[in-house]
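File shown: protein.cif (mmCIF, N, CA and C atoms).
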data_upload
loop_
_atom_site.label_atom_id
_atom_site.label_comp_id
_atom_site.auth_asym_id
_atom_site.auth_seq_id
_atom_site.Cartn_x
_atom_site.Cartn_y
_atom_site.Cartn_z
N MET A 1 23.29 62.36 -110.93
CA MET A 1 24.27 62.49 -109.89
C MET A 1 25.34 63.48 -110.30
N ARG A 2 25.69 64.33 -109.39
CA ARG A 2 26.77 65.26 -109.67
C ARG A 2 28.10 64.55 -109.41
N GLY A 3 29.16 65.16 -109.82
CA GLY A 3 30.48 64.54 -109.72
C GLY A 3 30.93 64.29 -108.29
N GLY A 4 30.61 65.17 -107.34
CA GLY A 4 31.09 65.04 -105.97
C GLY A 4 30.22 64.18 -105.08
N ASP A 5 29.01 63.82 -105.52
CA ASP A 5 28.09 63.08 -104.68
C ASP A 5 28.57 61.67 -104.38
N GLY A 6 29.19 61.02 -105.33
CA GLY A 6 29.67 59.65 -105.12
C GLY A 6 30.72 59.57 -104.03
N ALA A 7 31.64 60.52 -104.03
CA ALA A 7 32.69 60.53 -103.01
C ALA A 7 32.09 60.82 -101.63
N CYS A 8 31.09 61.68 -101.60
CA CYS A 8 30.45 62.02 -100.32
C CYS A 8 29.73 60.80 -99.74
N VAL A 9 29.10 60.03 -100.59
CA VAL A 9 28.41 58.81 -100.14
C VAL A 9 29.42 57.81 -99.60
N LEU A 10 30.56 57.69 -100.27
CA LEU A 10 31.59 56.76 -99.81
C LEU A 10 32.15 57.18 -98.45
N VAL A 11 32.32 58.47 -98.24
CA VAL A 11 32.83 58.96 -96.96
C VAL A 11 31.81 58.68 -95.86
N ARG A 12 30.53 58.90 -96.15
CA ARG A 12 29.50 58.63 -95.16
C ARG A 12 29.44 57.15 -94.82
N MET A 13 29.56 56.29 -95.82
CA MET A 13 29.53 54.85 -95.57
C MET A 13 30.72 54.42 -94.74
N ALA A 14 31.89 55.00 -95.00
CA ALA A 14 33.08 54.66 -94.21
C ALA A 14 32.90 55.12 -92.77
N ALA A 15 32.30 56.28 -92.58
CA ALA A 15 32.06 56.78 -91.22
C ALA A 15 31.06 55.89 -90.49
N MET A 16 30.02 55.44 -91.19
CA MET A 16 29.05 54.55 -90.58
C MET A 16 29.69 53.23 -90.20
N ARG A 17 30.56 52.70 -91.05
CA ARG A 17 31.24 51.44 -90.73
C ARG A 17 32.14 51.62 -89.51
N LEU A 18 32.84 52.74 -89.44
CA LEU A 18 33.71 53.00 -88.30
C LEU A 18 32.88 53.12 -87.02
N ASN A 19 31.76 53.83 -87.08
CA ASN A 19 30.88 53.95 -85.90
C ASN A 19 30.38 52.58 -85.47
N PHE A 20 29.96 51.77 -86.42
CA PHE A 20 29.47 50.43 -86.10
C PHE A 20 30.56 49.59 -85.45
N ALA A 21 31.79 49.68 -85.98
CA ALA A 21 32.90 48.92 -85.42
C ALA A 21 33.20 49.37 -83.99
N CYS A 22 33.12 50.67 -83.73
CA CYS A 22 33.38 51.19 -82.38
C CYS A 22 32.31 50.72 -81.40
N VAL A 23 31.07 50.77 -81.82
CA VAL A 23 29.98 50.32 -80.95
C VAL A 23 30.09 48.83 -80.68
N LEU A 24 30.41 48.07 -81.70
CA LEU A 24 30.57 46.63 -81.54
C LEU A 24 31.72 46.30 -80.59
N ALA A 25 32.85 46.99 -80.75
CA ALA A 25 34.00 46.75 -79.87
C ALA A 25 33.68 47.13 -78.43
N ALA A 26 32.99 48.27 -78.24
CA ALA A 26 32.64 48.70 -76.89
C ALA A 26 31.69 47.72 -76.22
N SER A 27 30.73 47.21 -76.97
CA SER A 27 29.79 46.27 -76.38
C SER A 27 30.48 44.96 -76.02
N CYS A 28 31.44 44.53 -76.83
CA CYS A 28 32.19 43.31 -76.51
C CYS A 28 33.03 43.52 -75.25
N LEU A 29 33.64 44.68 -75.12
CA LEU A 29 34.47 44.96 -73.94
C LEU A 29 33.61 45.03 -72.68
N LEU A 30 32.44 45.63 -72.79
CA LEU A 30 31.57 45.75 -71.62
C LEU A 30 31.04 44.40 -71.17
N GLN A 31 30.77 43.52 -72.12
CA GLN A 31 30.27 42.20 -71.76
C GLN A 31 31.37 41.35 -71.15
N ALA A 32 32.60 41.58 -71.55
CA ALA A 32 33.70 40.77 -71.06
C ALA A 32 34.18 41.20 -69.67
N ALA A 33 33.78 42.39 -69.22
CA ALA A 33 34.23 42.89 -67.92
C ALA A 33 33.61 42.05 -66.80
N PRO A 34 34.41 41.66 -65.81
CA PRO A 34 33.86 40.86 -64.71
C PRO A 34 32.91 41.69 -63.86
N ALA A 35 31.88 41.06 -63.38
CA ALA A 35 30.91 41.75 -62.53
C ALA A 35 31.53 42.01 -61.17
N GLU A 36 31.28 43.20 -60.64
CA GLU A 36 31.79 43.54 -59.31
C GLU A 36 30.94 42.85 -58.25
N THR A 37 31.61 42.35 -57.25
CA THR A 37 30.88 41.72 -56.16
C THR A 37 30.71 42.72 -55.03
N VAL A 38 29.57 42.71 -54.43
CA VAL A 38 29.29 43.60 -53.31
C VAL A 38 29.54 42.84 -52.02
N PRO A 39 30.41 43.36 -51.17
CA PRO A 39 30.68 42.65 -49.92
C PRO A 39 29.45 42.64 -49.02
N GLU A 40 29.31 41.58 -48.26
CA GLU A 40 28.19 41.48 -47.33
C GLU A 40 28.39 42.45 -46.18
N LEU A 41 27.30 42.90 -45.62
CA LEU A 41 27.34 43.83 -44.50
C LEU A 41 27.47 43.03 -43.21
N SER A 42 28.61 43.16 -42.57
CA SER A 42 28.83 42.44 -41.32
C SER A 42 28.24 43.24 -40.15
N VAL A 43 28.12 42.59 -39.02
CA VAL A 43 27.58 43.25 -37.82
C VAL A 43 28.50 44.39 -37.39
N ALA A 44 29.81 44.17 -37.49
CA ALA A 44 30.77 45.20 -37.09
C ALA A 44 30.68 46.42 -38.02
N THR A 45 30.58 46.17 -39.31
CA THR A 45 30.47 47.27 -40.26
C THR A 45 29.15 48.03 -40.05
N HIS A 46 28.08 47.31 -39.80
CA HIS A 46 26.79 47.95 -39.55
C HIS A 46 26.86 48.83 -38.31
N ALA A 47 27.47 48.32 -37.24
CA ALA A 47 27.60 49.10 -36.00
C ALA A 47 28.43 50.35 -36.24
N ARG A 48 29.49 50.24 -37.04
CA ARG A 48 30.34 51.41 -37.33
C ARG A 48 29.56 52.45 -38.13
N ILE A 49 28.75 52.01 -39.09
CA ILE A 49 27.97 52.95 -39.90
C ILE A 49 26.93 53.65 -39.03
N ILE A 50 26.23 52.91 -38.18
CA ILE A 50 25.22 53.50 -37.30
C ILE A 50 25.85 54.48 -36.32
N LYS A 51 27.05 54.16 -35.85
CA LYS A 51 27.75 55.06 -34.92
C LYS A 51 28.16 56.34 -35.64
N THR A 52 28.56 56.23 -36.91
CA THR A 52 28.99 57.39 -37.68
C THR A 52 27.80 58.26 -38.09
N VAL A 53 26.74 57.62 -38.57
CA VAL A 53 25.55 58.33 -39.03
C VAL A 53 24.35 57.79 -38.26
N PRO A 54 24.05 58.37 -37.10
CA PRO A 54 22.93 57.83 -36.31
C PRO A 54 21.60 58.08 -37.02
N PRO A 55 20.69 57.13 -36.93
CA PRO A 55 19.39 57.33 -37.57
C PRO A 55 18.59 58.40 -36.84
N GLN A 56 17.80 59.14 -37.61
CA GLN A 56 16.97 60.18 -37.01
C GLN A 56 15.66 59.57 -36.56
N ASP A 57 15.16 60.09 -35.45
CA ASP A 57 13.87 59.61 -34.96
C ASP A 57 12.75 60.00 -35.91
N LYS A 58 12.87 61.18 -36.49
CA LYS A 58 11.81 61.71 -37.33
C LYS A 58 12.43 62.40 -38.52
N GLY A 59 11.84 62.20 -39.69
CA GLY A 59 12.33 62.89 -40.86
C GLY A 59 11.90 64.35 -40.86
N TYR A 60 12.69 65.20 -41.50
CA TYR A 60 12.34 66.62 -41.55
C TYR A 60 11.00 66.85 -42.23
N TRP A 61 10.70 66.02 -43.21
CA TRP A 61 9.45 66.18 -43.94
C TRP A 61 8.24 65.92 -43.04
N GLU A 62 8.43 65.14 -41.97
CA GLU A 62 7.32 64.86 -41.05
C GLU A 62 7.03 66.04 -40.13
N GLU A 63 7.98 66.96 -39.99
CA GLU A 63 7.78 68.12 -39.13
C GLU A 63 6.98 69.22 -39.83
N ILE A 64 6.83 69.13 -41.14
CA ILE A 64 6.10 70.14 -41.90
C ILE A 64 4.60 69.87 -41.75
N PRO A 65 3.83 70.89 -41.41
CA PRO A 65 2.38 70.69 -41.29
C PRO A 65 1.72 70.64 -42.67
N TRP A 66 1.74 69.50 -43.31
CA TRP A 66 1.21 69.33 -44.66
C TRP A 66 -0.30 69.48 -44.65
N GLU A 67 -0.82 70.02 -45.74
CA GLU A 67 -2.26 70.15 -45.94
C GLU A 67 -2.64 69.25 -47.11
N THR A 68 -3.72 68.53 -46.98
CA THR A 68 -4.20 67.71 -48.10
C THR A 68 -5.38 68.34 -48.80
N ASP A 69 -5.94 69.40 -48.22
CA ASP A 69 -7.05 70.11 -48.83
C ASP A 69 -6.51 71.38 -49.48
N LEU A 70 -6.66 71.50 -50.79
CA LEU A 70 -6.09 72.62 -51.52
C LEU A 70 -6.70 73.95 -51.08
N LEU A 71 -8.00 74.00 -50.89
CA LEU A 71 -8.65 75.25 -50.49
C LEU A 71 -8.19 75.68 -49.09
N ALA A 72 -8.11 74.73 -48.17
CA ALA A 72 -7.63 75.05 -46.82
C ALA A 72 -6.18 75.51 -46.86
N ALA A 73 -5.38 74.89 -47.70
CA ALA A 73 -3.97 75.27 -47.81
C ALA A 73 -3.84 76.67 -48.39
N ALA A 74 -4.66 77.01 -49.39
CA ALA A 74 -4.61 78.35 -49.99
C ALA A 74 -5.03 79.41 -48.98
N LYS A 75 -6.05 79.12 -48.21
CA LYS A 75 -6.49 80.07 -47.18
C LYS A 75 -5.42 80.26 -46.12
N ARG A 76 -4.81 79.18 -45.71
CA ARG A 76 -3.76 79.26 -44.68
C ARG A 76 -2.55 80.02 -45.20
N ALA A 77 -2.16 79.76 -46.44
CA ALA A 77 -1.02 80.46 -47.03
C ALA A 77 -1.30 81.96 -47.12
N HIS A 78 -2.52 82.30 -47.49
CA HIS A 78 -2.90 83.72 -47.56
C HIS A 78 -2.89 84.35 -46.18
N ARG A 79 -3.45 83.66 -45.20
CA ARG A 79 -3.53 84.17 -43.83
C ARG A 79 -2.14 84.36 -43.23
N GLU A 80 -1.23 83.42 -43.48
CA GLU A 80 0.12 83.49 -42.91
C GLU A 80 1.11 84.21 -43.82
N LYS A 81 0.62 84.72 -44.96
CA LYS A 81 1.46 85.41 -45.93
C LYS A 81 2.67 84.55 -46.33
N MET A 82 2.36 83.32 -46.66
CA MET A 82 3.38 82.35 -47.06
C MET A 82 3.10 81.89 -48.49
N MET A 83 4.10 81.32 -49.10
CA MET A 83 3.91 80.76 -50.43
C MET A 83 3.20 79.42 -50.32
N LEU A 84 2.57 79.03 -51.39
CA LEU A 84 1.87 77.75 -51.44
C LEU A 84 2.65 76.81 -52.34
N PHE A 85 3.09 75.69 -51.80
CA PHE A 85 3.82 74.68 -52.57
C PHE A 85 2.84 73.58 -52.92
N ILE A 86 2.68 73.32 -54.21
CA ILE A 86 1.76 72.28 -54.65
C ILE A 86 2.55 71.18 -55.32
N TRP A 87 2.38 69.98 -54.84
CA TRP A 87 3.00 68.81 -55.44
C TRP A 87 1.89 68.06 -56.16
N ALA A 88 1.93 68.07 -57.47
CA ALA A 88 0.89 67.43 -58.25
C ALA A 88 1.53 66.53 -59.30
N SER A 89 0.94 65.38 -59.50
CA SER A 89 1.46 64.47 -60.52
C SER A 89 0.33 63.60 -61.01
N SER A 90 0.58 62.96 -62.12
CA SER A 90 -0.38 61.98 -62.60
C SER A 90 0.35 60.65 -62.71
N GLY A 91 -0.27 59.63 -62.25
CA GLY A 91 0.39 58.33 -62.28
C GLY A 91 0.95 57.98 -60.91
N HIS A 92 1.83 57.03 -60.92
CA HIS A 92 2.44 56.52 -59.69
C HIS A 92 3.39 57.56 -59.11
N PRO A 93 3.44 57.76 -57.78
CA PRO A 93 4.32 58.77 -57.20
C PRO A 93 5.80 58.50 -57.41
N LEU A 94 6.18 57.27 -57.67
CA LEU A 94 7.59 56.97 -57.94
C LEU A 94 7.90 56.90 -59.42
N GLY A 95 6.92 57.24 -60.25
CA GLY A 95 7.15 57.23 -61.68
C GLY A 95 7.02 55.85 -62.30
N CYS A 96 6.50 54.89 -61.58
CA CYS A 96 6.37 53.53 -62.07
C CYS A 96 5.01 53.35 -62.73
N THR A 97 4.86 53.89 -63.92
CA THR A 97 3.56 53.76 -64.59
C THR A 97 3.66 52.82 -65.75
#

Would you give me this structure, written as structure tokens?
Amino acid sequence: MRGGDGACVLVRMAAMRLNFACVLAASCLLQAAPAETVPELSVATHARIIKTVPPQDKGYWEEIPWETDLLAAAKRAHREKMMLFIWASSGHPLGCT
């Protein structure tokens, strides 16, 4: 061991203890915080929300003429001189694998 290594180890240990104490204190504070309650949705509040933001009859994504056949989509994109957007994934579409 060199002369300065012992002091360096002590500084690192003190820093680790301080980090541990901070994490422990933060976790205690987070657990002690009261849970927020979500107010129930009343009929009046629901009517106000619907009046402010009326529901759409159709989503914008439903207006797009989607293709499920890749070859047909590529031919159509070439014919219409448009880009081809491919959505591909493996697993569950919501990422729940």

In Å to one decimal, how far is atom CA of A:Leu70 from atom C of A:Gly91?
-> 18.8 Å

Within chain A, find each residue whose DSSP state, derived from the backbone, is helix (DSSP H, G or I), and express the selection as number ranges by chain.
-> A: 5-32, 43-52, 60-63, 70-79

Serialized selection, N, CA and C atoms, as a compact mmCIF listing (two decimals), keeping the file's coordinate frame:
# COMPACT_ATOMS: atom_id res chain seq x y z
N ASP A 5 29.01 63.82 -105.52
CA ASP A 5 28.09 63.08 -104.68
C ASP A 5 28.57 61.67 -104.38
N GLY A 6 29.19 61.02 -105.33
CA GLY A 6 29.67 59.65 -105.12
C GLY A 6 30.72 59.57 -104.03
N ALA A 7 31.64 60.52 -104.03
CA ALA A 7 32.69 60.53 -103.01
C ALA A 7 32.09 60.82 -101.63
N CYS A 8 31.09 61.68 -101.60
CA CYS A 8 30.45 62.02 -100.32
C CYS A 8 29.73 60.80 -99.74
N VAL A 9 29.10 60.03 -100.59
CA VAL A 9 28.41 58.81 -100.14
C VAL A 9 29.42 57.81 -99.60
N LEU A 10 30.56 57.69 -100.27
CA LEU A 10 31.59 56.76 -99.81
C LEU A 10 32.15 57.18 -98.45
N VAL A 11 32.32 58.47 -98.24
CA VAL A 11 32.83 58.96 -96.96
C VAL A 11 31.81 58.68 -95.86
N ARG A 12 30.53 58.90 -96.15
CA ARG A 12 29.50 58.63 -95.16
C ARG A 12 29.44 57.15 -94.82
N MET A 13 29.56 56.29 -95.82
CA MET A 13 29.53 54.85 -95.57
C MET A 13 30.72 54.42 -94.74
N ALA A 14 31.89 55.00 -95.00
CA ALA A 14 33.08 54.66 -94.21
C ALA A 14 32.90 55.12 -92.77
N ALA A 15 32.30 56.28 -92.58
CA ALA A 15 32.06 56.78 -91.22
C ALA A 15 31.06 55.89 -90.49
N MET A 16 30.02 55.44 -91.19
CA MET A 16 29.05 54.55 -90.58
C MET A 16 29.69 53.23 -90.20
N ARG A 17 30.56 52.70 -91.05
CA ARG A 17 31.24 51.44 -90.73
C ARG A 17 32.14 51.62 -89.51
N LEU A 18 32.84 52.74 -89.44
CA LEU A 18 33.71 53.00 -88.30
C LEU A 18 32.88 53.12 -87.02
N ASN A 19 31.76 53.83 -87.08
CA ASN A 19 30.88 53.95 -85.90
C ASN A 19 30.38 52.58 -85.47
N PHE A 20 29.96 51.77 -86.42
CA PHE A 20 29.47 50.43 -86.10
C PHE A 20 30.56 49.59 -85.45
N ALA A 21 31.79 49.68 -85.98
CA ALA A 21 32.90 48.92 -85.42
C ALA A 21 33.20 49.37 -83.99
N CYS A 22 33.12 50.67 -83.73
CA CYS A 22 33.38 51.19 -82.38
C CYS A 22 32.31 50.72 -81.40
N VAL A 23 31.07 50.77 -81.82
CA VAL A 23 29.98 50.32 -80.95
C VAL A 23 30.09 48.83 -80.68
N LEU A 24 30.41 48.07 -81.70
CA LEU A 24 30.57 46.63 -81.54
C LEU A 24 31.72 46.30 -80.59
N ALA A 25 32.85 46.99 -80.75
CA ALA A 25 34.00 46.75 -79.87
C ALA A 25 33.68 47.13 -78.43
N ALA A 26 32.99 48.27 -78.24
CA ALA A 26 32.64 48.70 -76.89
C ALA A 26 31.69 47.72 -76.22
N SER A 27 30.73 47.21 -76.97
CA SER A 27 29.79 46.27 -76.38
C SER A 27 30.48 44.96 -76.02
N CYS A 28 31.44 44.53 -76.83
CA CYS A 28 32.19 43.31 -76.51
C CYS A 28 33.03 43.52 -75.25
N LEU A 29 33.64 44.68 -75.12
CA LEU A 29 34.47 44.96 -73.94
C LEU A 29 33.61 45.03 -72.68
N LEU A 30 32.44 45.63 -72.79
CA LEU A 30 31.57 45.75 -71.62
C LEU A 30 31.04 44.40 -71.17
N GLN A 31 30.77 43.52 -72.12
CA GLN A 31 30.27 42.20 -71.76
C GLN A 31 31.37 41.35 -71.15
N ALA A 32 32.60 41.58 -71.55
CA ALA A 32 33.70 40.77 -71.06
C ALA A 32 34.18 41.20 -69.67
N VAL A 43 28.12 42.59 -39.02
CA VAL A 43 27.58 43.25 -37.82
C VAL A 43 28.50 44.39 -37.39
N ALA A 44 29.81 44.17 -37.49
CA ALA A 44 30.77 45.20 -37.09
C ALA A 44 30.68 46.42 -38.02
N THR A 45 30.58 46.17 -39.31
CA THR A 45 30.47 47.27 -40.26
C THR A 45 29.15 48.03 -40.05
N HIS A 46 28.08 47.31 -39.80
CA HIS A 46 26.79 47.95 -39.55
C HIS A 46 26.86 48.83 -38.31
N ALA A 47 27.47 48.32 -37.24
CA ALA A 47 27.60 49.10 -36.00
C ALA A 47 28.43 50.35 -36.24
N ARG A 48 29.49 50.24 -37.04
CA ARG A 48 30.34 51.41 -37.33
C ARG A 48 29.56 52.45 -38.13
N ILE A 49 28.75 52.01 -39.09
CA ILE A 49 27.97 52.95 -39.90
C ILE A 49 26.93 53.65 -39.03
N ILE A 50 26.23 52.91 -38.18
CA ILE A 50 25.22 53.50 -37.30
C ILE A 50 25.85 54.48 -36.32
N LYS A 51 27.05 54.16 -35.85
CA LYS A 51 27.75 55.06 -34.92
C LYS A 51 28.16 56.34 -35.64
N THR A 52 28.56 56.23 -36.91
CA THR A 52 28.99 57.39 -37.68
C THR A 52 27.80 58.26 -38.09
N TYR A 60 12.69 65.20 -41.50
CA TYR A 60 12.34 66.62 -41.55
C TYR A 60 11.00 66.85 -42.23
N TRP A 61 10.70 66.02 -43.21
CA TRP A 61 9.45 66.18 -43.94
C TRP A 61 8.24 65.92 -43.04
N GLU A 62 8.43 65.14 -41.97
CA GLU A 62 7.32 64.86 -41.05
C GLU A 62 7.03 66.04 -40.13
N GLU A 63 7.98 66.96 -39.99
CA GLU A 63 7.78 68.12 -39.13
C GLU A 63 6.98 69.22 -39.83
N LEU A 70 -6.66 71.50 -50.79
CA LEU A 70 -6.09 72.62 -51.52
C LEU A 70 -6.70 73.95 -51.08
N LEU A 71 -8.00 74.00 -50.89
CA LEU A 71 -8.65 75.25 -50.49
C LEU A 71 -8.19 75.68 -49.09
N ALA A 72 -8.11 74.73 -48.17
CA ALA A 72 -7.63 75.05 -46.82
C ALA A 72 -6.18 75.51 -46.86
N ALA A 73 -5.38 74.89 -47.70
CA ALA A 73 -3.97 75.27 -47.81
C ALA A 73 -3.84 76.67 -48.39
N ALA A 74 -4.66 77.01 -49.39
CA ALA A 74 -4.61 78.35 -49.99
C ALA A 74 -5.03 79.41 -48.98
N LYS A 75 -6.05 79.12 -48.21
CA LYS A 75 -6.49 80.07 -47.18
C LYS A 75 -5.42 80.26 -46.12
N ARG A 76 -4.81 79.18 -45.71
CA ARG A 76 -3.76 79.26 -44.68
C ARG A 76 -2.55 80.02 -45.20
N ALA A 77 -2.16 79.76 -46.44
CA ALA A 77 -1.02 80.46 -47.03
C ALA A 77 -1.30 81.96 -47.12
N HIS A 78 -2.52 82.30 -47.49
CA HIS A 78 -2.90 83.72 -47.56
C HIS A 78 -2.89 84.35 -46.18
N ARG A 79 -3.45 83.66 -45.20
CA ARG A 79 -3.53 84.17 -43.83
C ARG A 79 -2.14 84.36 -43.23

Coordinates of box centre and edge lengths for stretch 59-77 of chain A, 5 Å on every side, axis-aligned, as JSON:
{"center_x": 2.0, "center_y": 72.1, "center_z": -45.3, "size_x": 31.3, "size_y": 29.8, "size_z": 22.4}

Residues within 8 Å of A:Met83, only N, CA and C atoms, excluding chain neighbours under 5 positions, as a PyMOL selection string = chain A and resi 73-74+76-78

Atom-to-atom span, atom CA of A:Ile49 and atom CA of A:Thr37, Å = 20.0 Å

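Interatomic distance, atom CA of A:Met16 to atom N of A:Cys28: 17.2 Å.
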